[in-house]
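Structure data follow from input-v1.txt (compact mmCIF, C-alpha atoms and all ligand atoms):
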# COMPACT_ATOMS: atom_id res chain seq x y z
CA ALA A 1 -13.59 13.29 -2.20
CA GLU A 2 -14.05 13.84 -5.86
CA LEU A 3 -14.90 10.42 -7.24
CA VAL A 4 -15.60 9.95 -10.93
CA ASP A 5 -17.74 7.41 -12.80
CA VAL A 6 -15.19 5.43 -14.81
CA VAL A 7 -17.65 4.30 -17.49
CA ALA A 8 -18.71 7.90 -18.16
CA GLN A 9 -15.06 8.62 -18.97
CA VAL A 10 -14.24 5.39 -20.82
CA PRO A 11 -17.42 3.65 -22.07
CA SER A 12 -15.51 0.60 -23.35
CA ILE A 13 -14.60 -0.48 -19.81
CA GLN A 14 -16.99 -3.21 -18.71
CA THR A 15 -18.51 -3.43 -15.25
CA GLU A 16 -19.96 -6.23 -13.18
CA ILE A 17 -20.28 -4.68 -9.74
CA ARG A 18 -20.92 -7.85 -7.74
CA TYR A 19 -21.38 -6.21 -4.34
CA PHE A 20 -24.46 -4.52 -5.84
CA THR A 21 -25.80 -8.07 -6.35
CA ALA A 22 -26.10 -11.16 -4.13
CA ASP A 23 -23.43 -12.96 -6.17
CA ASN A 24 -20.51 -12.35 -3.83
CA PHE A 25 -18.91 -14.03 -0.81
CA VAL A 26 -21.57 -12.66 1.56
CA GLY A 27 -24.45 -13.86 -0.62
CA LYS A 28 -26.42 -10.62 -0.25
CA LYS A 29 -26.33 -7.11 -1.68
CA ILE A 30 -23.74 -5.17 0.27
CA ASP A 31 -24.51 -2.02 2.28
CA GLY A 32 -23.59 1.22 0.55
CA TYR A 33 -23.97 0.04 -3.05
CA LEU A 34 -26.98 1.98 -4.35
CA ALA A 35 -25.95 1.72 -8.01
CA PRO A 36 -23.77 -0.73 -9.99
CA LYS A 37 -21.12 1.90 -10.63
CA CYS A 38 -17.34 2.04 -10.72
CA LEU A 39 -16.31 5.26 -8.95
CA LEU A 40 -12.65 6.19 -8.60
CA SER A 41 -10.48 9.24 -7.99
CA LYS A 42 -9.65 11.32 -11.07
CA GLU A 43 -6.06 10.19 -10.82
CA ALA A 44 -7.04 6.50 -10.76
CA VAL A 45 -9.43 7.00 -13.70
CA LYS A 46 -6.60 8.52 -15.69
CA ALA A 47 -4.39 5.52 -14.96
CA VAL A 48 -7.16 3.00 -15.72
CA THR A 49 -7.78 4.78 -19.01
CA LYS A 50 -4.10 4.32 -19.88
CA ALA A 51 -4.33 0.59 -19.10
CA GLN A 52 -7.50 0.26 -21.18
CA TYR A 53 -5.93 1.91 -24.25
CA ALA A 54 -2.79 -0.22 -23.92
CA LEU A 55 -4.95 -3.38 -23.89
CA ASN A 56 -7.07 -2.21 -26.81
CA GLU A 57 -3.98 -2.59 -29.03
CA PHE A 58 -4.26 -6.35 -28.44
CA GLY A 59 -8.03 -6.51 -28.88
CA LEU A 60 -8.47 -6.72 -25.11
CA GLY A 61 -10.03 -4.54 -22.45
CA LEU A 62 -10.77 -4.29 -18.73
CA LYS A 63 -13.77 -5.46 -16.75
CA VAL A 64 -14.15 -4.19 -13.19
CA PHE A 65 -15.83 -6.03 -10.31
CA ASP A 66 -15.35 -3.42 -7.59
CA CYS A 67 -13.92 0.09 -7.37
CA TYR A 68 -14.58 2.63 -4.61
CA ARG A 69 -16.05 0.73 -1.63
CA PRO A 70 -17.75 2.75 1.11
CA GLN A 71 -16.63 2.10 4.70
CA MET A 72 -20.21 0.95 5.44
CA ALA A 73 -19.69 -1.91 2.95
CA VAL A 74 -16.48 -2.91 4.69
CA ASP A 75 -18.37 -2.77 7.99
CA HIS A 76 -20.96 -5.12 6.45
CA PHE A 77 -18.14 -7.58 5.64
CA VAL A 78 -16.87 -7.34 9.22
CA ARG A 79 -20.35 -7.97 10.66
CA TRP A 80 -20.85 -10.94 8.30
CA ALA A 81 -17.50 -12.42 9.32
CA LYS A 82 -18.58 -12.57 12.96
CA ASP A 83 -21.56 -14.80 12.16
CA LEU A 84 -19.72 -18.10 11.67
CA GLU A 85 -22.99 -19.98 11.03
CA ASP A 86 -23.65 -18.06 7.81
CA THR A 87 -21.65 -19.88 5.12
CA LYS A 88 -24.14 -19.42 2.24
CA ASN A 89 -21.60 -18.82 -0.54
CA LYS A 90 -18.66 -20.73 0.91
CA ALA A 91 -18.54 -23.29 -1.91
CA LYS A 92 -18.07 -20.67 -4.61
CA TYR A 93 -15.91 -18.11 -2.82
CA TYR A 94 -13.94 -19.62 0.08
CA PRO A 95 -14.17 -23.43 0.05
CA GLU A 96 -10.75 -24.02 1.63
CA VAL A 97 -10.34 -21.11 4.05
CA PRO A 98 -12.17 -21.21 7.40
CA LYS A 99 -14.52 -18.24 7.55
CA ASN A 100 -12.87 -16.92 10.72
CA GLU A 101 -9.51 -16.70 8.89
CA LEU A 102 -10.53 -14.65 5.84
CA PHE A 103 -9.42 -11.33 7.36
CA LYS A 104 -6.36 -12.79 9.10
CA ARG A 105 -5.10 -14.35 5.88
CA GLY A 106 -5.36 -11.07 3.97
CA TYR A 107 -8.28 -11.83 1.66
CA ILE A 108 -10.57 -9.14 3.13
CA ALA A 109 -9.51 -5.97 4.94
CA ALA A 110 -11.32 -4.17 7.77
CA ARG A 111 -9.66 -0.97 6.49
CA SER A 112 -9.65 -1.40 2.73
CA GLY A 113 -7.73 0.50 0.08
CA HIS A 114 -10.97 0.41 -1.90
CA SER A 115 -12.46 2.94 0.55
CA ARG A 116 -9.74 5.43 -0.43
CA GLY A 117 -11.06 5.59 -4.00
CA SER A 118 -7.96 4.53 -5.93
CA THR A 119 -8.17 0.72 -5.71
CA LEU A 120 -10.05 -1.61 -8.04
CA ASP A 121 -10.71 -5.30 -8.72
CA VAL A 122 -10.30 -5.98 -12.42
CA THR A 123 -9.86 -8.67 -15.07
CA LEU A 124 -9.22 -8.90 -18.81
CA VAL A 125 -11.89 -9.37 -21.49
CA ASP A 126 -11.99 -9.78 -25.25
CA LEU A 127 -12.84 -6.28 -26.47
CA VAL A 128 -15.29 -7.52 -29.12
CA THR A 129 -17.09 -10.39 -27.37
CA GLY A 130 -16.71 -9.21 -23.78
CA VAL A 131 -15.74 -12.76 -22.76
CA GLU A 132 -13.39 -12.90 -19.78
CA LEU A 133 -9.92 -14.34 -20.19
CA ASP A 134 -9.21 -17.43 -18.09
CA MET A 135 -7.31 -16.31 -14.99
CA GLY A 136 -7.21 -19.72 -13.31
CA SER A 137 -9.62 -18.66 -10.56
CA GLY A 138 -12.63 -16.40 -10.31
CA TRP A 139 -12.80 -12.92 -8.77
CA ASP A 140 -12.93 -13.08 -4.94
CA PHE A 141 -12.05 -16.77 -4.90
CA PHE A 142 -10.19 -16.66 -1.59
CA SER A 143 -7.49 -19.31 -1.93
CA LYS A 144 -3.78 -19.79 -2.59
CA VAL A 145 -4.88 -20.50 -6.18
CA SER A 146 -5.66 -16.78 -6.53
CA TRP A 147 -2.22 -15.61 -5.40
CA PRO A 148 -0.40 -14.03 -8.38
CA SER A 149 2.62 -16.16 -7.43
CA TYR A 150 0.66 -19.45 -7.62
CA GLN A 151 2.23 -21.83 -10.15
CA GLY A 152 -0.30 -24.67 -10.19
CA ILE A 153 -2.38 -23.29 -13.07
CA SER A 154 -1.86 -23.54 -16.83
CA ALA A 155 0.75 -21.56 -18.76
CA GLN A 156 -2.05 -19.67 -20.51
CA GLN A 157 -3.71 -18.74 -17.22
CA ARG A 158 -0.38 -17.57 -15.80
CA ALA A 159 0.26 -15.55 -18.96
CA ASN A 160 -3.14 -13.88 -18.65
CA ARG A 161 -2.45 -12.89 -15.03
CA LYS A 162 1.00 -11.63 -16.02
CA LEU A 163 -0.43 -9.50 -18.82
CA LEU A 164 -2.99 -7.92 -16.48
CA ALA A 165 -0.31 -7.23 -13.85
CA LYS A 166 2.09 -5.80 -16.41
CA VAL A 167 -0.45 -3.46 -17.95
CA MET A 168 -1.72 -2.29 -14.56
CA ARG A 169 1.83 -1.77 -13.26
CA SER A 170 2.77 0.23 -16.36
CA ALA A 171 -0.26 2.42 -15.67
CA GLY A 172 0.90 3.13 -12.10
CA PHE A 173 -0.80 0.46 -10.00
CA ILE A 174 0.58 -2.08 -7.55
CA GLY A 175 -0.97 -5.50 -7.01
CA LEU A 176 -1.73 -7.56 -3.89
CA THR A 177 0.09 -10.75 -2.82
CA GLU A 178 -3.17 -12.68 -2.23
CA GLU A 179 -5.38 -11.61 -5.15
CA TRP A 180 -4.54 -11.42 -8.87
CA TRP A 181 -7.44 -8.98 -9.50
CA HIS A 182 -6.71 -6.28 -6.88
CA PHE A 183 -4.70 -3.13 -7.74
CA THR A 184 -4.00 0.16 -5.95
CA LEU A 185 -2.73 3.35 -7.56
CA ILE A 186 0.76 3.97 -6.16
CA ASP A 187 0.39 7.77 -6.17
CA GLU A 188 -3.11 7.71 -4.71
CA PRO A 189 -4.49 11.16 -3.86
CA TYR A 190 -6.36 10.26 -0.63
CA ALA A 191 -3.81 7.91 0.93
CA ASP A 192 -5.11 8.26 4.50
CA GLN A 193 -8.82 8.90 3.96
CA TYR A 194 -11.51 6.23 4.23
CA PHE A 195 -14.69 7.52 2.63
CA THR A 196 -18.23 6.79 3.74
CA LEU A 197 -20.43 8.15 0.95
CA PRO A 198 -22.45 5.43 -0.81
CA VAL A 199 -21.91 4.33 -4.41
CA LYS A 200 -24.68 6.03 -6.37
C1 LIG A 301 -12.71 -8.51 -0.59
C2 LIG A 301 -11.74 -8.41 -1.75
N1 LIG A 301 -12.45 -8.11 -2.96
C3 LIG A 301 -10.71 -7.35 -1.48
O1 LIG A 301 -10.78 -6.27 -2.03
N2 LIG A 301 -9.75 -7.66 -0.57
C4 LIG A 301 -8.82 -6.68 -0.11
C5 LIG A 301 -7.81 -7.28 0.84
C6 LIG A 301 -9.55 -5.54 0.57
O2 LIG A 301 -10.57 -5.80 1.24
O3 LIG A 301 -9.07 -4.40 0.48
ZN ZN A 302 -9.96 -5.57 -4.14
Can the structure in the file be given as structure tokens, please?
Amino acid sequence: AELVDVVAQVPSIQTEIRYFTADNFVGKKIDGYLAPKCLLSKEAVKAVTKAQYALNEFGLGLKVFDCYRPQMAVDHFVRWAKDLEDTKNKAKYYPEVPKNELFKRGYIAARSGHSRGSTLDVTLVDLVTGVELDMGSGWDFFSKVSWPSYQGISAQQRANRKLLAKVMRSAGFIGLTEEWWHFTLIDEPYADQYFTLPVK
């Protein structure tokens, strides 16, 4: 696969690659993340660039939490899910969902679109300050509250989610029912390939 470093193409896109750190639902650095980089297919980079420039008109920009995810990272998630004793970061990431239901309920996939190189987890930031807009729940907060259809958040939070979805859809992405931050390029170039190379 030809995967491209998004920041090398569009330096104004911010990154906080949480699976490279221990601040994620597992509570440890995830296998396969050797660098805190956002790698995506050329086609997805082109579409993300379009979304970034559209947002820049409003003084906003994108911040990515995860992009290409190697299959070995997904396998790490699967291994972690089997150890029901290990609930280190439950309070922050999945307080309401039993650990053994996270895959079943669609919050984590054993075969993830991220491994195909055209899916990303993203939010909106103020272009000047870099401060994140309030989306009503944090990235990878596995709960009904994170569903894009969830109505029990403020009008401003709903508007922020709507703006992100609208800009990403206009750029060629489709969202996920369970997570406001997750988008896949509709015309993805490697639709049936799950890559194994590490992020580096
Ligand atoms: C784990 C979360 N960030 C995510 O990306 N979930 C979807 C369902 C996936 O694993 O593809
Ligand atoms: Zn995702």
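Shell of Asp75 in chain A at 10 Å, with all atoms listed in the file counted and residues fewer than 3 places along the chain excluded, is Ile30, Asp31, Gly32, Pro70, Gln71, Met72, Val78, Arg79, Trp80, Ala81, Ala109, Ala110 and Arg111 of chain A.
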task: For Asp86 in chain A, work out the shell of residues within 10 Å, counting all atoms listed in the file and skipping chain neighbours fewer than 3 positions away, then give it as a ChimeraX atom specification.
output: /A:26-27,80-83,89-90,99
Centre and size of axis-aligned box enclosing ligand LIG 301 (chain A) plus 6 Å each side, as AutoDock Vina command-line options:
--center_x -10.3 --center_y -6.5 --center_z -0.9 --size_x 16.9 --size_y 16.1 --size_z 16.2
Any chance you could tabulate, as a Markdown table, the residues of range 68-165 of chain A at most 7 Å from range 34-45 of chain A with each one's nearest atom pair and distance in Å to one decimal, using all atoms listed in the file, in chain and rising number order?
| residue | atom | partner | partner_atom | distance |
| --- | --- | --- | --- | --- |
| A:Tyr68 | CA | A:Leu39 | CA | 5.4 |
| A:Gly117 | CA | A:Leu40 | CA | 4.9 |
| A:Ser118 | CA | A:Ala44 | CA | 5.3 |
Atoms to include: C-alpha atoms. Write the selected residues as an mmCIF file, keeping the file's coordinate frame.
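Output file again-v4.cif is given in full below:
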data_model
loop_
_atom_site.group_PDB
_atom_site.id
_atom_site.type_symbol
_atom_site.label_atom_id
_atom_site.label_comp_id
_atom_site.auth_asym_id
_atom_site.auth_seq_id
_atom_site.Cartn_x
_atom_site.Cartn_y
_atom_site.Cartn_z
ATOM 1 C CA TYR A 68 -14.580 2.630 -4.610
ATOM 2 C CA GLY A 117 -11.060 5.590 -4.000
ATOM 3 C CA SER A 118 -7.960 4.530 -5.930
#
query: Which residues come within 9 Å of range 161-171 of chain A, counting all atoms listed in the file, excluding same-chain residues fewer than 2 positions away, as a VMD selection string?
result: chain A and resid 46 to 52 54 to 55 62 122 to 124 134 to 136 148 156 to 159 173 to 175 180 to 181 183 185
Report as a Markdown table: every residue of chain A with an atom at most 7 Å from ligand LIG 301 (chain A), its closest pair of atoms, and their distance in Å to one decimal, counting all atoms listed in the file, with rows sorted by chain and ascending residue number.
| residue | atom | partner | partner_atom | distance |
| --- | --- | --- | --- | --- |
| A:Gly106 | CA | A:LIG301 | C5 | 5.5 |
| A:Tyr107 | CA | A:LIG301 | C5 | 4.6 |
| A:Ile108 | CA | A:LIG301 | O2 | 3.8 |
| A:Ala109 | CA | A:LIG301 | O2 | 3.9 |
| A:Ala110 | CA | A:LIG301 | O2 | 6.8 |
| A:Arg111 | CA | A:LIG301 | O3 | 6.9 |
| A:Ser112 | CA | A:LIG301 | O3 | 3.8 |
| A:Gly113 | CA | A:LIG301 | O3 | 5.1 |
| A:His114 | CA | A:LIG301 | O3 | 5.7 |
| A:Asp121 | CA | A:LIG301 | N1 | 6.6 |
| A:Asp140 | CA | A:LIG301 | N1 | 5.4 |
| A:His182 | CA | A:LIG301 | O1 | 6.3 |
query: Which value, in Å to one decimal, gives the distance between CA of Leu120 in chain A and CA of Val64 in chain A?
result: 7.1 Å
query: Do you have the CA of Asn24 in chain A-CA of Asp192 in chain A distance handy?
result: 27.0 Å
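Atom to atom, atom ZN of ligand ZN 302 (chain A) and CA of Val131 in chain A stand 20.8 Å apart.
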field: Selected residue, from A:Gln9, A:Ala91, A:Phe20, A:Ser115, that lies nearest to ligand ZN 302 (chain A) when counting only C-alpha atoms and all ligand atoms
entry: A:Ser115
message: Please determine, counting only C-alpha atoms and all ligand atoms, which residue among A:Leu197, A:Ile13, A:Leu3, A:Val74 has the shortest atom-to-atom distance to ligand ZN 302 (chain A).
response: A:Val74
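Restricting the calculation to all atoms listed in the file, the smallest distance between ligand ZN 302 (chain A) and any of A:Asp126, A:Asp187, A:Arg18, A:Leu84 is found for A:Arg18.
For the set A:Ala22, A:Val125, A:Val10, A:Ile17, the residue with the smallest atom-to-atom gap to Cys67 in chain A is A:Ile17, counting all atoms listed in the file.
Counting only C-alpha atoms and all ligand atoms and comparing A:Tyr19, A:Gly152, A:Gln14, A:Thr87, the residue that lies closest to ligand ZN 302 (chain A) is A:Tyr19.
For the choices A:Tyr53, A:Phe65, A:Tyr94, A:Trp147, the atom-to-atom distance to ligand ZN 302 (chain A) is smallest for A:Phe65 when using all atoms listed in the file.
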Take range 45-73 of chain A, model N, CA and C atoms, and hand the result over as a PDB file, in the coordinates of the input.
ATOM      1  N   VAL A  45      -8.734   7.121 -12.404  1.00  0.00           N
ATOM      2  CA  VAL A  45      -9.430   7.000 -13.700  1.00  0.00           C
ATOM      3  C   VAL A  45      -8.443   7.242 -14.839  1.00  0.00           C
ATOM      4  N   LYS A  46      -7.592   8.221 -14.658  1.00  0.00           N
ATOM      5  CA  LYS A  46      -6.600   8.520 -15.690  1.00  0.00           C
ATOM      6  C   LYS A  46      -5.693   7.306 -15.935  1.00  0.00           C
ATOM      7  N   ALA A  47      -5.277   6.678 -14.855  1.00  0.00           N
ATOM      8  CA  ALA A  47      -4.390   5.520 -14.960  1.00  0.00           C
ATOM      9  C   ALA A  47      -5.126   4.313 -15.566  1.00  0.00           C
ATOM     10  N   VAL A  48      -6.369   4.108 -15.171  1.00  0.00           N
ATOM     11  CA  VAL A  48      -7.160   3.000 -15.720  1.00  0.00           C
ATOM     12  C   VAL A  48      -7.369   3.209 -17.224  1.00  0.00           C
ATOM     13  N   THR A  49      -7.587   4.447 -17.597  1.00  0.00           N
ATOM     14  CA  THR A  49      -7.780   4.780 -19.010  1.00  0.00           C
ATOM     15  C   THR A  49      -6.530   4.392 -19.808  1.00  0.00           C
ATOM     16  N   LYS A  50      -5.374   4.675 -19.237  1.00  0.00           N
ATOM     17  CA  LYS A  50      -4.100   4.320 -19.880  1.00  0.00           C
ATOM     18  C   LYS A  50      -4.007   2.805 -20.066  1.00  0.00           C
ATOM     19  N   ALA A  51      -4.378   2.060 -19.023  1.00  0.00           N
ATOM     20  CA  ALA A  51      -4.330   0.590 -19.100  1.00  0.00           C
ATOM     21  C   ALA A  51      -5.306   0.092 -20.178  1.00  0.00           C
ATOM     22  N   GLN A  52      -6.495   0.675 -20.207  1.00  0.00           N
ATOM     23  CA  GLN A  52      -7.500   0.260 -21.180  1.00  0.00           C
ATOM     24  C   GLN A  52      -6.986   0.470 -22.619  1.00  0.00           C
ATOM     25  N   TYR A  53      -6.401   1.636 -22.897  1.00  0.00           N
ATOM     26  CA  TYR A  53      -5.930   1.910 -24.250  1.00  0.00           C
ATOM     27  C   TYR A  53      -4.751   1.003 -24.622  1.00  0.00           C
ATOM     28  N   ALA A  54      -3.910   0.689 -23.645  1.00  0.00           N
ATOM     29  CA  ALA A  54      -2.790  -0.220 -23.920  1.00  0.00           C
ATOM     30  C   ALA A  54      -3.326  -1.601 -24.317  1.00  0.00           C
ATOM     31  N   LEU A  55      -4.361  -2.068 -23.613  1.00  0.00           N
ATOM     32  CA  LEU A  55      -4.950  -3.380 -23.890  1.00  0.00           C
ATOM     33  C   LEU A  55      -5.682  -3.406 -25.224  1.00  0.00           C
ATOM     34  N   ASN A  56      -6.300  -2.290 -25.569  1.00  0.00           N
ATOM     35  CA  ASN A  56      -7.070  -2.210 -26.810  1.00  0.00           C
ATOM     36  C   ASN A  56      -6.199  -2.547 -28.032  1.00  0.00           C
ATOM     37  N   GLU A  57      -4.918  -2.262 -27.943  1.00  0.00           N
ATOM     38  CA  GLU A  57      -3.980  -2.590 -29.030  1.00  0.00           C
ATOM     39  C   GLU A  57      -3.958  -4.089 -29.312  1.00  0.00           C
ATOM     40  N   PHE A  58      -4.266  -4.881 -28.286  1.00  0.00           N
ATOM     41  CA  PHE A  58      -4.260  -6.350 -28.440  1.00  0.00           C
ATOM     42  C   PHE A  58      -5.671  -6.903 -28.581  1.00  0.00           C
ATOM     43  N   GLY A  59      -6.654  -6.041 -28.786  1.00  0.00           N
ATOM     44  CA  GLY A  59      -8.030  -6.510 -28.880  1.00  0.00           C
ATOM     45  C   GLY A  59      -8.618  -6.909 -27.531  1.00  0.00           C
ATOM     46  N   LEU A  60      -7.996  -6.399 -26.461  1.00  0.00           N
ATOM     47  CA  LEU A  60      -8.470  -6.720 -25.110  1.00  0.00           C
ATOM     48  C   LEU A  60      -8.934  -5.464 -24.386  1.00  0.00           C
ATOM     49  N   GLY A  61      -9.586  -5.669 -23.261  1.00  0.00           N
ATOM     50  CA  GLY A  61     -10.030  -4.540 -22.450  1.00  0.00           C
ATOM     51  C   GLY A  61     -10.174  -4.968 -21.000  1.00  0.00           C
ATOM     52  N   LEU A  62     -10.607  -4.039 -20.170  1.00  0.00           N
ATOM     53  CA  LEU A  62     -10.770  -4.290 -18.730  1.00  0.00           C
ATOM     54  C   LEU A  62     -12.236  -4.494 -18.375  1.00  0.00           C
ATOM     55  N   LYS A  63     -12.449  -5.323 -17.365  1.00  0.00           N
ATOM     56  CA  LYS A  63     -13.770  -5.460 -16.750  1.00  0.00           C
ATOM     57  C   LYS A  63     -13.577  -5.321 -15.253  1.00  0.00           C
ATOM     58  N   VAL A  64     -14.325  -4.423 -14.620  1.00  0.00           N
ATOM     59  CA  VAL A  64     -14.150  -4.190 -13.190  1.00  0.00           C
ATOM     60  C   VAL A  64     -15.270  -4.848 -12.381  1.00  0.00           C
ATOM     61  N   PHE A  65     -14.867  -5.391 -11.236  1.00  0.00           N
ATOM     62  CA  PHE A  65     -15.830  -6.030 -10.310  1.00  0.00           C
ATOM     63  C   PHE A  65     -16.123  -5.146  -9.108  1.00  0.00           C
ATOM     64  N   ASP A  66     -15.147  -4.325  -8.721  1.00  0.00           N
ATOM     65  CA  ASP A  66     -15.350  -3.420  -7.590  1.00  0.00           C
ATOM     66  C   ASP A  66     -14.353  -2.280  -7.716  1.00  0.00           C
ATOM     67  N   CYS A  67     -14.787  -1.087  -7.316  1.00  0.00           N
ATOM     68  CA  CYS A  67     -13.920   0.090  -7.370  1.00  0.00           C
ATOM     69  C   CYS A  67     -13.953   0.752  -6.000  1.00  0.00           C
ATOM     70  N   TYR A  68     -14.418   2.005  -5.925  1.00  0.00           N
ATOM     71  CA  TYR A  68     -14.580   2.630  -4.610  1.00  0.00           C
ATOM     72  C   TYR A  68     -15.584   1.806  -3.789  1.00  0.00           C
ATOM     73  N   ARG A  69     -15.205   1.528  -2.538  1.00  0.00           N
ATOM     74  CA  ARG A  69     -16.050   0.730  -1.630  1.00  0.00           C
ATOM     75  C   ARG A  69     -16.279   1.538  -0.350  1.00  0.00           C
ATOM     76  N   PRO A  70     -17.513   1.946  -0.085  1.00  0.00           N
ATOM     77  CA  PRO A  70     -17.750   2.750   1.110  1.00  0.00           C
ATOM     78  C   PRO A  70     -17.381   2.004   2.392  1.00  0.00           C
ATOM     79  N   GLN A  71     -16.973   2.746   3.419  1.00  0.00           N
ATOM     80  CA  GLN A  71     -16.630   2.100   4.700  1.00  0.00           C
ATOM     81  C   GLN A  71     -17.807   1.277   5.225  1.00  0.00           C
ATOM     82  N   MET A  72     -19.048   1.709   4.932  1.00  0.00           N
ATOM     83  CA  MET A  72     -20.210   0.950   5.440  1.00  0.00           C
ATOM     84  C   MET A  72     -20.292  -0.440   4.793  1.00  0.00           C
ATOM     85  N   ALA A  73     -19.755  -0.592   3.597  1.00  0.00           N
ATOM     86  CA  ALA A  73     -19.690  -1.910   2.950  1.00  0.00           C
ATOM     87  C   ALA A  73     -18.658  -2.785   3.661  1.00  0.00           C
TER      88      ALA A  73
END
